[in-house]
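Take a look at the structure set out below.
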Amino acid sequence: MLTRQRLGRLCAAVCDSGGAPTEPEAPFSLRRLYVSDIPALIRFNRWLLLLTAGAFFLGILGGAALAEASPQATRAVLNAYAAQIERLGGLEGITTAAILRNNLRVMLLSPLLAVFTLGLYPLLIVILPGVLLGMLGAHFDSVTPLVGVLLVLPHGVFEIPAILCGSVLSMRLAWSLFRPVPTLSLLENVVWAAANLCKGYVFLVIPLLIVAAWVEVNVTGGIARWLAGLGAIPTVP
């Protein structure tokens, strides 16, 4: 039986080196959260983070290979991506709110679908952006690789870590019953993973997505319009 007091302690606890909840050394504050809680959570999940990062880079390589092997498939994927951008408002009308809603919908579904897919869905939402980046890289390489970098890097430095961290926390939730912390009961393992997921999402993933959406509209969007005016962005043939 999980008492209210035990629930409160789990939600307020910090990960130790083995992933078990431990009493924090200082009262809750944003400083403690970003200096202690979240770094401890990342250290505990470092192997899952490496796994998701590896899946992302494999997706990039797979996308680049697919672009070389099947130009027709690449055209279909890039046209679908362009159509999504148009639905969100196009280069001229796209808004931070529209991008944020789109990204939040994907990331907030991740914990739920992770449970039903045993952690496969979070890996999928990491691999697919990598595949798209690989295809875009091969596409823009016909002009200059710098064009592709300029269209991804400004918001990607915020969005990619958000996707990786959100996927890791979702996978940890899905696997909490199969790779439990030995000192916790099965129910406590689920609650502990859910508490860490909420903490990571509220204070890391969602803030990064908000910044990424703003940067994508106000920085990347401006770069894209400038490059389009120069004719530096190749169209999909």
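Quick note on naming: the chains in the structure tokens go A, B, ... in the order shown, residues restart at 1 in each chain, and ligands are numbered from 1 in order of appearance.
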For this session: Write out as an MDAnalysis selection string each polymer residue whose atoms come within 8 Å of Ala55 in chain A, counting only C-alpha atoms; drop sequence neighbours fewer than 6 positions from it.
Result: chainID A and resid 123 126:127
Could you write those residues out with C-alpha atoms, as a compact mmCIF listing (two decimals), in the first residue's frame?
# COMPACT_ATOMS: atom_id res chain seq x y z
CA LEU A 123 12.75 5.29 -30.03
CA VAL A 126 13.92 9.79 -32.17
CA ILE A 127 14.75 7.81 -35.31
Problem set entry | Selection near Ser110 in chain A, 8 Å with only C-alpha atoms, sequence-local residues under 6 positions removed, as a list in words |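 What passes the distance filter is Tyr121, Pro122, Gly166, Ser167 and Ser170 of chain A.
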Exercise. Between CA of Ile85 in chain A and CA of Phe56 in chain A, what is the spacing in Å?
Worked result: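 According to the coordinates, CA of Phe56 in chain A and CA of Ile85 in chain A are separated by 21.7 Å.
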For this session: Give the alpha helix (DSSP H) residues of range 84-215 of chain A, as assigned by DSSP on the backbone, as an MDAnalysis selection string.
Result: chainID A and resid 84:87 90:93 96:117 120:140 145:174 186:200 206:215
Exercise. Any idea what the distance is between CA of Ser17 in chain A and CA of Asn45 in chain A?
Worked result: 9.9 Å
For this session: For Leu7 in chain A, list every protein, DNA or RNA residue within 10 Å, evaluated using only C-alpha atoms, and leave out those in the same chain fewer than 6 positions away; present the list as a count of residues only.
Result: 5
Problem set entry | For Ile38 in chain A: contacts at 12 Å, only C-alpha atoms, fewer than 3 positions along chain excluded, given as a list in words |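 Everything that qualifies: Ala13, Val14, Cys15, Asp16, Leu30, Arg31, Arg32, Leu33, Tyr34, Val35, Leu41, Ile42, Arg43, Phe44, Asn45, Arg46, Cys165, Leu169, Asn196, Leu197, Cys198, Lys199, Gly200, Tyr201, Val202, Phe203, Leu204 and Val205 of chain A.
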Exercise. When you draw a straight line from CA of Leu48 in chain A to CA of Val149 in chain A, how long is it in Å?
Worked result: 26.5 Å
For this session: Tell me which protein, DNA and RNA residues are within 9 Å of Phe57 in chain A, counting only C-alpha atoms, leaving out same-chain ones fewer than 5 positions away, and put them as a list in words.
Result: Thr52, Gly62, Ile127, Gly130, Val131 and Gly134 of chain A
Please produce a file of those selected residues containing N, CA and C atoms, as an mmCIF file, in the first residue's frame.
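Below is the file selection.cif, written as the result:
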data_model
loop_
_atom_site.group_PDB
_atom_site.id
_atom_site.type_symbol
_atom_site.label_atom_id
_atom_site.label_comp_id
_atom_site.auth_asym_id
_atom_site.auth_seq_id
_atom_site.Cartn_x
_atom_site.Cartn_y
_atom_site.Cartn_z
ATOM 1 N N THR A 52 19.327 6.357 -27.159
ATOM 2 C CA THR A 52 18.475 7.203 -27.996
ATOM 3 C C THR A 52 19.312 8.091 -28.918
ATOM 4 N N GLY A 62 20.705 6.444 -41.965
ATOM 5 C CA GLY A 62 19.712 5.738 -42.769
ATOM 6 C C GLY A 62 19.002 6.661 -43.738
ATOM 7 N N ILE A 127 14.188 8.265 -34.038
ATOM 8 C CA ILE A 127 14.749 7.810 -35.309
ATOM 9 C C ILE A 127 14.189 8.615 -36.483
ATOM 10 N N GLY A 130 15.783 11.881 -37.248
ATOM 11 C CA GLY A 130 17.115 11.615 -37.784
ATOM 12 C C GLY A 130 17.056 11.253 -39.260
ATOM 13 N N VAL A 131 16.089 10.408 -39.630
ATOM 14 C CA VAL A 131 15.915 10.035 -41.039
ATOM 15 C C VAL A 131 15.625 11.276 -41.879
ATOM 16 N N GLY A 134 18.735 13.286 -42.295
ATOM 17 C CA GLY A 134 19.629 12.655 -43.261
ATOM 18 C C GLY A 134 19.192 12.925 -44.685
#
Seminar exercise, completed: From the list A:Leu58, A:Leu118, A:Leu227, A:Val217, the nearest residue to Ile99 in chain A using only C-alpha atoms is A:Val217
